[in-house]
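Working notes for the structure below.
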Amino acid sequence: MSSQENHPMVRTVASTQSEMTEIILPNDTNMLGNLLGGRLMHFIDVTGAMAAYRHARTHVVTASMDHIDFIQPVRLGDLVTLKSSVNRAFTSSMEVGVKVWAENTRTGAVSHVASAYLVFVAVDEHGRLQKVPQLKPETPDEMRRYEDALRRREHRVREKTRRTEAKLVTAALKDAGAIEP
Ligand SMILES: CC(C)(COP(=O)(O)OP(=O)(O)OC[C@H]1O[C@@H](n2cnc3c(N)ncnc32)[C@H](O)[C@@H]1OP(=O)(O)O)[C@@H](O)C(=O)NCCC(=O)NCCS
């Protein structure tokens with residue numbers, strides 16, 4: 001395979017699709033026998049990273065997990081399946097969507113239990129930002145997610161700017177003695 005085939009400038013969403021299935025054991029649950037939210041977030045992070053790795057083909061770090069809906073609890077003994085794919089690639093960052101289903105092993109009933117959006121950033125072994133290939137949405141659903149990802153990115157950028165400005169104002173007020181350090 002040529003280097004161009006290994007590192008194309010554009011990748012499809014299908015080439016990033018990833019999946020993981022876990023069985024929920026007692027160590028993963030709270031006293032009520034429900035899967036701990038933090039454990040589910042770990043599964044989401046890992047499955048999201050798989051899609052990001054497949055797109056970037058370099059190291060990736062999680063920059064944000066900015067939206068998670070916990071729709072219904074996952075029970076001890078359930079099989080949890082997580083599916084991820086890249087929604088949109090920017091310069092060094094990629095938004096990944098992860099959807100989670102739980103399967104009752106006795107009845108076979110499957111329900112959608114959570115969804116999340118994460119941003120991963122491609123870096124080299126020294127932590128320097130790396131450019132990622134662009135993403136080519138092909139189906140109507142992929143195109144919708146591609147468009148929505150841009151709106152969410154704009155919201156994230158606005159939020160980051162707002163937080164940075166708020167920190168600067170607080171630091172200036174502390175320096176001026178207007179508020180307690
Ligand atoms: C993520 C990280 C590499 C960004 O580095 P940075 O110096 O802030 O980089 P920049 O501001 O130049 O942004 C680089 C890219 O990251 C994106 N980014 C930075 N912070 C982000 C955030 N909080 N949410 C989403 N995207 C973010 C930027 O939009 C930019 O994307 P683009 O290149 O596609 O336009 C850096 O903050 C980091 O290493 N964080 C820790 C990551 C980590 O340890 N994750 C595991 C947590 S347990």
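Convention: chains lettered A, B, ... in structure tokens order; per-chain residue numbering from 1; ligands numbered from 1 as shown.
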Write out, as CSV, each residue of chain A that has an atom at most 7 Å from ligand 1, together with the closest pair of atoms and their distance in Å to one decimal, counting only C-alpha atoms and all ligand atoms, rows going by chain and rising number.
```
residue,atom,partner,partner_atom_place_in_ligand_line,distance
A:Val61,CA,ligand 1,45 (N),4.8
A:Thr62,CA,ligand 1,45 (N),4.3
A:Ala63,CA,ligand 1,1 (C),4.2
A:Ser64,CA,ligand 1,24 (N),4.6
A:Ala89,CA,ligand 1,34 (O),6.9
A:Phe90,CA,ligand 1,34 (O),4.0
A:Thr91,CA,ligand 1,34 (O),3.5
A:Ser92,CA,ligand 1,33 (O),3.7
A:Ser93,CA,ligand 1,34 (O),3.7
A:Met94,CA,ligand 1,34 (O),6.6
A:Val119,CA,ligand 1,25 (C),5.2
A:Val121,CA,ligand 1,16 (O),5.5
A:Val123,CA,ligand 1,3 (C),6.9
A:Gly127,CA,ligand 1,39 (O),7.0
A:Leu129,CA,ligand 1,3 (C),6.6
A:Arg156,CA,ligand 1,24 (N),6.3
A:Val157,CA,ligand 1,29 (O),6.8
A:Lys160,CA,ligand 1,23 (N),6.8
```
Just want the 10 Å neighbourhood of A:Asn27, counted on only C-alpha atoms, with same-chain residues fewer than 6 positions away dropped. Output as a VMD selection string.
chain A and resid 33 35 to 36 39 76
Looking only at the backbone, which of the residues in chain A does DSSP tag as strand (DSSP E or B), as an MDAnalysis selection string?
chainID A and resid 10:12 18:23 29 34:35 59:70 75 79:89 93:103 110:123 129 134:136
From the DSSP assignment of the backbone, select every residue of chain A that is helix (DSSP H, G or I), and format the answer as a PyMOL selection string.
chain A and resi 3-6+14-16+26-28+37-56+140-175
Considering only C-alpha atoms, can you say which of A:Glu138, A:Glu125, A:Glu180, A:Asp148 comes closest to A:Ser15?
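The shortest atom-to-atom distance to A:Ser15 comes from A:Glu138.
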